[in-house]
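Novice: My structure file my_file.txt, compact mmCIF, N, CA and C atoms, is below:
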# COMPACT_ATOMS: atom_id res chain seq x y z
N MET I 2 -108.61 3.10 95.83
CA MET I 2 -107.49 3.86 95.31
C MET I 2 -106.22 3.46 96.06
N GLU I 3 -105.20 3.14 95.30
CA GLU I 3 -103.95 2.68 95.89
C GLU I 3 -103.06 3.87 96.20
N ASP I 4 -102.47 3.87 97.41
CA ASP I 4 -101.56 4.95 97.79
C ASP I 4 -100.25 4.82 97.02
N GLU I 5 -99.73 5.95 96.61
CA GLU I 5 -98.42 5.97 95.98
C GLU I 5 -97.43 6.50 97.00
N TYR I 6 -96.30 5.84 97.09
CA TYR I 6 -95.29 6.20 98.06
C TYR I 6 -94.05 6.73 97.37
N ALA I 7 -93.43 7.72 98.00
CA ALA I 7 -92.15 8.24 97.49
C ALA I 7 -91.04 7.25 97.81
N PHE I 8 -91.18 6.55 98.95
CA PHE I 8 -90.27 5.47 99.31
C PHE I 8 -91.12 4.31 99.81
N GLU I 9 -90.92 3.14 99.20
CA GLU I 9 -91.71 1.98 99.60
C GLU I 9 -90.79 0.79 99.81
N GLY I 10 -90.64 0.43 101.08
CA GLY I 10 -89.89 -0.76 101.43
C GLY I 10 -90.85 -1.82 101.94
N VAL I 11 -90.33 -2.81 102.63
CA VAL I 11 -91.17 -3.85 103.20
C VAL I 11 -91.95 -3.30 104.40
N VAL I 12 -91.27 -2.55 105.25
CA VAL I 12 -91.88 -1.97 106.44
C VAL I 12 -92.09 -0.46 106.27
N ILE I 13 -91.05 0.22 105.82
CA ILE I 13 -91.10 1.68 105.68
C ILE I 13 -91.82 2.06 104.40
N ARG I 14 -92.86 2.88 104.57
CA ARG I 14 -93.61 3.41 103.42
C ARG I 14 -93.87 4.88 103.69
N LEU I 15 -93.25 5.73 102.87
CA LEU I 15 -93.37 7.17 103.07
C LEU I 15 -94.11 7.83 101.92
N LYS I 16 -95.11 8.60 102.26
CA LYS I 16 -95.77 9.42 101.26
C LYS I 16 -94.85 10.57 100.90
N GLN I 17 -95.11 11.21 99.78
CA GLN I 17 -94.23 12.26 99.27
C GLN I 17 -94.00 13.38 100.28
N LYS I 18 -95.05 13.81 100.99
CA LYS I 18 -94.87 14.94 101.92
C LYS I 18 -93.94 14.57 103.08
N ASP I 19 -94.04 13.34 103.58
CA ASP I 19 -93.15 12.90 104.66
C ASP I 19 -91.72 12.72 104.14
N TYR I 20 -91.59 12.16 102.96
CA TYR I 20 -90.27 11.96 102.35
C TYR I 20 -89.58 13.31 102.14
N ASP I 21 -90.32 14.28 101.60
CA ASP I 21 -89.76 15.62 101.38
C ASP I 21 -89.35 16.29 102.69
N LYS I 22 -90.16 16.09 103.72
CA LYS I 22 -89.85 16.66 105.04
C LYS I 22 -88.56 16.04 105.58
N TRP I 23 -88.40 14.73 105.41
CA TRP I 23 -87.19 14.06 105.89
C TRP I 23 -85.97 14.51 105.09
N LEU I 24 -86.11 14.67 103.77
CA LEU I 24 -85.00 15.17 102.96
C LEU I 24 -84.56 16.54 103.44
N LYS I 25 -85.51 17.39 103.78
CA LYS I 25 -85.21 18.74 104.24
C LYS I 25 -84.56 18.73 105.62
N ASN I 26 -85.10 17.93 106.52
CA ASN I 26 -84.61 17.92 107.91
C ASN I 26 -83.31 17.17 108.11
N PHE I 27 -83.07 16.16 107.30
CA PHE I 27 -81.86 15.35 107.45
C PHE I 27 -80.91 15.63 106.28
N LYS I 28 -80.56 16.91 106.11
CA LYS I 28 -79.78 17.34 104.96
C LYS I 28 -78.31 16.93 105.01
N ASN I 29 -77.84 16.48 106.17
CA ASN I 29 -76.44 16.04 106.27
C ASN I 29 -76.24 14.61 105.79
N ILE I 30 -77.33 13.86 105.61
CA ILE I 30 -77.23 12.48 105.11
C ILE I 30 -77.12 12.56 103.59
N PRO I 31 -75.99 12.10 103.03
CA PRO I 31 -75.79 12.26 101.58
C PRO I 31 -76.72 11.41 100.71
N ASN I 32 -77.15 10.25 101.21
CA ASN I 32 -78.02 9.38 100.42
C ASN I 32 -79.12 8.82 101.33
N LEU I 33 -80.17 9.59 101.47
CA LEU I 33 -81.26 9.20 102.38
C LEU I 33 -81.89 7.87 101.96
N ASP I 34 -82.05 7.66 100.65
CA ASP I 34 -82.66 6.40 100.19
C ASP I 34 -81.86 5.18 100.64
N ALA I 35 -80.55 5.27 100.58
CA ALA I 35 -79.71 4.14 100.99
C ALA I 35 -79.86 3.87 102.49
N VAL I 36 -79.91 4.94 103.29
CA VAL I 36 -80.09 4.78 104.73
C VAL I 36 -81.46 4.19 105.03
N LEU I 37 -82.48 4.67 104.33
CA LEU I 37 -83.84 4.13 104.53
C LEU I 37 -83.91 2.66 104.11
N MET I 38 -83.25 2.32 103.02
CA MET I 38 -83.26 0.92 102.56
C MET I 38 -82.59 0.02 103.60
N SER I 39 -81.48 0.47 104.13
CA SER I 39 -80.77 -0.30 105.15
C SER I 39 -81.64 -0.46 106.40
N ARG I 40 -82.27 0.62 106.81
CA ARG I 40 -83.16 0.59 107.98
C ARG I 40 -84.34 -0.35 107.73
N ASP I 41 -84.89 -0.31 106.52
CA ASP I 41 -86.03 -1.16 106.17
C ASP I 41 -85.64 -2.64 106.23
N VAL I 42 -84.45 -2.96 105.76
CA VAL I 42 -83.98 -4.36 105.83
C VAL I 42 -83.88 -4.80 107.29
N TRP I 43 -83.30 -3.93 108.12
CA TRP I 43 -83.19 -4.27 109.55
C TRP I 43 -84.57 -4.47 110.17
N LEU I 44 -85.48 -3.55 109.89
CA LEU I 44 -86.83 -3.66 110.46
C LEU I 44 -87.53 -4.93 109.98
N SER I 45 -87.37 -5.28 108.72
CA SER I 45 -88.10 -6.43 108.18
C SER I 45 -87.49 -7.77 108.55
N GLU I 46 -86.18 -7.79 108.80
CA GLU I 46 -85.52 -9.08 109.04
C GLU I 46 -85.05 -9.31 110.47
N GLU I 47 -84.71 -8.25 111.19
CA GLU I 47 -84.11 -8.45 112.50
C GLU I 47 -84.91 -7.88 113.67
N ALA I 48 -85.67 -6.84 113.41
CA ALA I 48 -86.42 -6.19 114.50
C ALA I 48 -87.58 -7.06 114.94
N ASP I 49 -88.00 -6.86 116.18
CA ASP I 49 -89.16 -7.60 116.67
C ASP I 49 -90.45 -6.89 116.23
N ASP I 50 -91.57 -7.54 116.46
CA ASP I 50 -92.86 -7.00 116.02
C ASP I 50 -93.16 -5.64 116.63
N SER I 51 -92.76 -5.44 117.87
CA SER I 51 -92.99 -4.17 118.54
C SER I 51 -92.27 -3.03 117.81
N ALA I 52 -91.03 -3.27 117.40
CA ALA I 52 -90.25 -2.26 116.67
C ALA I 52 -90.86 -1.99 115.30
N ARG I 53 -91.37 -3.04 114.67
CA ARG I 53 -92.00 -2.86 113.35
C ARG I 53 -93.24 -1.99 113.44
N LYS I 54 -94.02 -2.18 114.50
CA LYS I 54 -95.25 -1.40 114.66
C LYS I 54 -94.95 0.08 114.89
N LYS I 55 -93.81 0.36 115.53
CA LYS I 55 -93.44 1.75 115.84
C LYS I 55 -92.34 2.24 114.91
N TRP I 56 -92.34 1.78 113.67
CA TRP I 56 -91.24 2.06 112.76
C TRP I 56 -91.05 3.54 112.49
N PHE I 57 -92.12 4.33 112.44
CA PHE I 57 -92.00 5.73 112.05
C PHE I 57 -91.16 6.50 113.08
N MET I 58 -91.55 6.44 114.34
CA MET I 58 -90.83 7.18 115.37
C MET I 58 -89.42 6.65 115.59
N SER I 59 -89.26 5.33 115.57
CA SER I 59 -87.91 4.79 115.78
C SER I 59 -87.00 5.14 114.61
N THR I 60 -87.55 5.22 113.41
CA THR I 60 -86.75 5.59 112.24
C THR I 60 -86.39 7.07 112.28
N VAL I 61 -87.30 7.92 112.73
CA VAL I 61 -86.97 9.34 112.89
C VAL I 61 -85.82 9.49 113.87
N ASN I 62 -85.88 8.81 115.00
CA ASN I 62 -84.81 8.88 116.00
C ASN I 62 -83.49 8.36 115.43
N TYR I 63 -83.57 7.28 114.68
CA TYR I 63 -82.39 6.71 114.04
C TYR I 63 -81.78 7.72 113.06
N LEU I 64 -82.62 8.36 112.25
CA LEU I 64 -82.13 9.34 111.28
C LEU I 64 -81.53 10.57 111.95
N VAL I 65 -82.08 10.97 113.08
CA VAL I 65 -81.49 12.09 113.84
C VAL I 65 -80.05 11.75 114.21
N ASN I 66 -79.82 10.54 114.67
CA ASN I 66 -78.46 10.12 115.06
C ASN I 66 -77.54 10.01 113.85
N VAL I 67 -78.04 9.44 112.76
CA VAL I 67 -77.22 9.32 111.55
C VAL I 67 -76.87 10.70 111.01
N ASP I 68 -77.85 11.60 111.00
CA ASP I 68 -77.63 12.96 110.51
C ASP I 68 -76.57 13.68 111.37
N ALA I 69 -76.63 13.50 112.68
CA ALA I 69 -75.65 14.12 113.58
C ALA I 69 -74.25 13.57 113.33
N ARG I 70 -74.15 12.27 113.08
CA ARG I 70 -72.84 11.68 112.79
C ARG I 70 -72.24 12.24 111.50
N PHE I 71 -73.09 12.37 110.46
CA PHE I 71 -72.61 12.94 109.20
C PHE I 71 -72.23 14.40 109.38
N LYS I 72 -72.98 15.13 110.19
CA LYS I 72 -72.67 16.54 110.43
C LYS I 72 -71.31 16.67 111.11
N ASP I 73 -71.06 15.86 112.13
CA ASP I 73 -69.77 15.89 112.82
C ASP I 73 -68.64 15.48 111.90
N LYS I 74 -68.89 14.48 111.08
CA LYS I 74 -67.85 13.97 110.18
C LYS I 74 -67.50 14.99 109.11
N ASN I 75 -68.46 15.80 108.71
CA ASN I 75 -68.26 16.73 107.60
C ASN I 75 -68.23 18.19 108.05
N LYS I 76 -67.72 18.44 109.25
CA LYS I 76 -67.63 19.83 109.74
C LYS I 76 -66.74 20.65 108.82
N LYS I 77 -67.17 21.89 108.58
CA LYS I 77 -66.39 22.80 107.74
C LYS I 77 -66.35 24.17 108.39
N ASP I 78 -65.29 24.90 108.10
CA ASP I 78 -65.21 26.27 108.60
C ASP I 78 -65.98 27.20 107.66
N GLU I 79 -65.93 28.51 107.96
CA GLU I 79 -66.70 29.47 107.16
C GLU I 79 -66.22 29.57 105.72
N GLN I 80 -65.03 29.07 105.43
CA GLN I 80 -64.50 29.09 104.06
C GLN I 80 -64.69 27.74 103.36
N GLY I 81 -65.36 26.81 104.03
CA GLY I 81 -65.66 25.53 103.41
C GLY I 81 -64.58 24.48 103.56
N ARG I 82 -63.56 24.74 104.39
CA ARG I 82 -62.50 23.76 104.60
C ARG I 82 -62.92 22.77 105.68
N ARG I 83 -62.62 21.49 105.46
CA ARG I 83 -63.01 20.45 106.43
C ARG I 83 -62.25 20.59 107.72
N LEU I 84 -62.96 20.29 108.83
CA LEU I 84 -62.38 20.33 110.16
C LEU I 84 -62.42 18.94 110.77
N GLY I 85 -61.40 18.61 111.54
CA GLY I 85 -61.36 17.34 112.24
C GLY I 85 -62.15 17.42 113.53
N ALA I 86 -62.19 16.32 114.27
CA ALA I 86 -62.93 16.26 115.53
C ALA I 86 -62.38 17.25 116.55
N ASP I 87 -61.10 17.59 116.42
CA ASP I 87 -60.48 18.55 117.33
C ASP I 87 -60.71 20.00 116.92
N GLY I 88 -61.41 20.22 115.81
CA GLY I 88 -61.69 21.58 115.35
C GLY I 88 -60.60 22.17 114.48
N LYS I 89 -59.55 21.41 114.21
CA LYS I 89 -58.46 21.89 113.37
C LYS I 89 -58.69 21.47 111.92
N HIS I 90 -58.08 22.21 111.01
CA HIS I 90 -58.24 21.91 109.58
C HIS I 90 -57.62 20.57 109.21
N ILE I 91 -58.24 19.91 108.27
CA ILE I 91 -57.71 18.66 107.73
C ILE I 91 -57.05 18.99 106.40
N PHE I 92 -55.77 18.74 106.31
CA PHE I 92 -55.03 18.99 105.08
C PHE I 92 -54.56 17.67 104.50
N LYS I 93 -54.65 17.54 103.19
CA LYS I 93 -54.09 16.37 102.53
C LYS I 93 -52.65 16.68 102.20
N ARG I 94 -51.80 15.73 102.46
CA ARG I 94 -50.39 15.91 102.17
C ARG I 94 -50.12 15.56 100.71
N MET I 95 -49.24 16.32 100.13
CA MET I 95 -48.82 16.04 98.74
C MET I 95 -47.88 14.85 98.72
N PRO I 96 -47.96 14.02 97.71
CA PRO I 96 -47.04 12.86 97.65
C PRO I 96 -45.61 13.25 97.36
The structure given in the file should be rewritten as structure tokens.

Specialist:
Amino acid sequence: MEDEYAFEGVVIRLKQKDYDKWLKNFKNIPNLDAVLMSRDVWLSEEADDSARKKWFMSTVNYLVNVDARFKDKNKKDEQGRRLGADGKHIFKRMP
């Protein structure tokens, strides 16, 4: 019986339960598939064999960092207005 994967790359292969767990936990990443595809390309073409063997844990750590960056980039106040790195509101100027 052949396993079916929710995400299947060259190195990264996620079953549906793991994929769903990652979607839930890394909710700040707007396009998880794109990030996984990029990571898979790096693992398959540039990473050494040791990194390929430990792809699951290294990818989780990578996604934690990517998720944190998106969270910082998309900070909002309680009313949903975007905040800058200094905690102040970001306003677009009218032309």

Novice: With distances taken over all atoms listed in the file, which of I:Val65, I:Asp73, I:Glu47, I:Arg82 is nearest to Phe27 (chain I)?

Specialist: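 Using all atoms listed in the file, the shortest distance to Phe27 (chain I) belongs to I:Val65.
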
Novice: Between I:Gln17, I:Ser51, I:Ser45, I:Asn26, which one has atoms that come closest to Leu64 (chain I), using all atoms listed in the file?

Specialist: I:Asn26

Novice: Show me the residues close to (-85.2, 1.8, 98.3) - anything with an atom within 7 Å, counting all atoms listed in the file - and format the list as an mmCIF file with N, CA and C atoms, in the frame of the given file.

Specialist:
data_model
loop_
_atom_site.group_PDB
_atom_site.id
_atom_site.type_symbol
_atom_site.label_atom_id
_atom_site.label_comp_id
_atom_site.auth_asym_id
_atom_site.auth_seq_id
_atom_site.Cartn_x
_atom_site.Cartn_y
_atom_site.Cartn_z
ATOM 1 N N PHE I 8 -91.180 6.550 98.950
ATOM 2 C CA PHE I 8 -90.270 5.470 99.310
ATOM 3 C C PHE I 8 -91.120 4.310 99.810
ATOM 4 N N GLU I 9 -90.920 3.140 99.200
ATOM 5 C CA GLU I 9 -91.710 1.980 99.600
ATOM 6 C C GLU I 9 -90.790 0.790 99.810
ATOM 7 N N GLY I 10 -90.640 0.430 101.080
ATOM 8 C CA GLY I 10 -89.890 -0.760 101.430
ATOM 9 C C GLY I 10 -90.850 -1.820 101.940
ATOM 10 N N ASP I 34 -82.050 7.660 100.650
ATOM 11 C CA ASP I 34 -82.660 6.400 100.190
ATOM 12 C C ASP I 34 -81.860 5.180 100.640
ATOM 13 N N ALA I 35 -80.550 5.270 100.580
ATOM 14 C CA ALA I 35 -79.710 4.140 100.990
ATOM 15 C C ALA I 35 -79.860 3.870 102.490
ATOM 16 N N LEU I 37 -82.480 4.670 104.330
ATOM 17 C CA LEU I 37 -83.840 4.130 104.530
ATOM 18 C C LEU I 37 -83.910 2.660 104.110
ATOM 19 N N MET I 38 -83.250 2.320 103.020
ATOM 20 C CA MET I 38 -83.260 0.920 102.560
ATOM 21 C C MET I 38 -82.590 0.020 103.600
#

Novice: Find the spatial neighbours of Leu44 (chain I), counting all atoms listed in the file, within a cut-off of 8 Å - ignore same-chain residues fewer than 3 positions away - and output them as a ChimeraX atom specification.

Specialist: /I:11-13,38-41,47-49,52-53,56

Novice: Rounded to one decimal place, report the CA of Asn66 (chain I)-CA of Ala7 (chain I) distance in Å.

Specialist: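 Computing the Euclidean distance for CA of Asn66 (chain I) and CA of Ala7 (chain I) yields 22.4 Å.
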
Novice: For CA of Tyr6 (chain I) and CA of Tyr63 (chain I), quote the distance in Å rounded to one decimal.

Specialist: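 Distance between the two atoms: 20.5 Å.
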
Novice: What does the structure give for the distance between CA of Asp68 (chain I) and atom N of Ile30 (chain I), in Å to one decimal?

Specialist: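 Between these atoms lies a distance of 5.0 Å.
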
Novice: From the block I gave, I'd like region 32-52 of chain I written with N, CA and C atoms, as an mmCIF file, in the first residue's frame.

Specialist:
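Done, and the output landed in decode.cif:
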data_model
loop_
_atom_site.group_PDB
_atom_site.id
_atom_site.type_symbol
_atom_site.label_atom_id
_atom_site.label_comp_id
_atom_site.auth_asym_id
_atom_site.auth_seq_id
_atom_site.Cartn_x
_atom_site.Cartn_y
_atom_site.Cartn_z
ATOM 1 N N ASN I 32 1.603 31.351 3.292
ATOM 2 C CA ASN I 32 1.569 30.292 2.284
ATOM 3 C C ASN I 32 2.562 29.194 2.685
ATOM 4 N N LEU I 33 2.089 28.293 3.521
ATOM 5 C CA LEU I 33 2.963 27.230 4.041
ATOM 6 C C LEU I 33 3.514 26.360 2.915
ATOM 7 N N ASP I 34 2.697 26.060 1.906
ATOM 8 C CA ASP I 34 3.172 25.224 0.799
ATOM 9 C C ASP I 34 4.371 25.844 0.088
ATOM 10 N N ALA I 35 4.337 27.144 -0.122
ATOM 11 C CA ALA I 35 5.453 27.817 -0.796
ATOM 12 C C ALA I 35 6.723 27.742 0.047
ATOM 13 N N VAL I 36 6.582 27.933 1.359
ATOM 14 C CA VAL I 36 7.742 27.852 2.249
ATOM 15 C C VAL I 36 8.286 26.426 2.266
ATOM 16 N N LEU I 37 7.394 25.449 2.321
ATOM 17 C CA LEU I 37 7.834 24.041 2.298
ATOM 18 C C LEU I 37 8.515 23.693 0.977
ATOM 19 N N MET I 38 7.989 24.207 -0.119
ATOM 20 C CA MET I 38 8.595 23.928 -1.429
ATOM 21 C C MET I 38 9.999 24.520 -1.496
ATOM 22 N N SER I 39 10.143 25.733 -1.006
ATOM 23 C CA SER I 39 11.450 26.381 -0.989
ATOM 24 C C SER I 39 12.429 25.601 -0.116
ATOM 25 N N ARG I 40 11.966 25.189 1.047
ATOM 26 C CA ARG I 40 12.800 24.401 1.964
ATOM 27 C C ARG I 40 13.188 23.068 1.331
ATOM 28 N N ASP I 41 12.251 22.440 0.639
ATOM 29 C CA ASP I 41 12.510 21.156 -0.010
ATOM 30 C C ASP I 41 13.575 21.295 -1.099
ATOM 31 N N VAL I 42 13.509 22.376 -1.853
ATOM 32 C CA VAL I 42 14.528 22.615 -2.889
ATOM 33 C C VAL I 42 15.899 22.767 -2.240
ATOM 34 N N TRP I 43 15.957 23.544 -1.154
ATOM 35 C CA TRP I 43 17.242 23.709 -0.457
ATOM 36 C C TRP I 43 17.758 22.368 0.057
ATOM 37 N N LEU I 44 16.877 21.599 0.691
ATOM 38 C CA LEU I 44 17.303 20.302 1.230
ATOM 39 C C LEU I 44 17.778 19.363 0.121
ATOM 40 N N SER I 45 17.094 19.360 -1.015
ATOM 41 C CA SER I 45 17.437 18.415 -2.078
ATOM 42 C C SER I 45 18.653 18.822 -2.893
ATOM 43 N N GLU I 46 18.919 20.135 -2.970
ATOM 44 C CA GLU I 46 20.000 20.585 -3.847
ATOM 45 C C GLU I 46 21.234 21.130 -3.131
ATOM 46 N N GLU I 47 21.060 21.695 -1.942
ATOM 47 C CA GLU I 47 22.192 22.358 -1.304
ATOM 48 C C GLU I 47 22.618 21.758 0.031
ATOM 49 N N ALA I 48 21.685 21.156 0.736
ATOM 50 C CA ALA I 48 22.002 20.616 2.068
ATOM 51 C C ALA I 48 22.859 19.362 1.944
ATOM 52 N N ASP I 49 23.611 19.084 2.997
ATOM 53 C CA ASP I 49 24.411 17.861 2.996
ATOM 54 C C ASP I 49 23.538 16.675 3.429
ATOM 55 N N ASP I 50 24.088 15.483 3.319
ATOM 56 C CA ASP I 50 23.329 14.270 3.630
ATOM 57 C C ASP I 50 22.836 14.243 5.075
ATOM 58 N N SER I 51 23.632 14.769 5.981
ATOM 59 C CA SER I 51 23.252 14.807 7.386
ATOM 60 C C SER I 51 21.984 15.644 7.584
ATOM 61 N N ALA I 52 21.913 16.791 6.916
ATOM 62 C CA ALA I 52 20.733 17.659 7.017
ATOM 63 C C ALA I 52 19.515 16.997 6.391
#
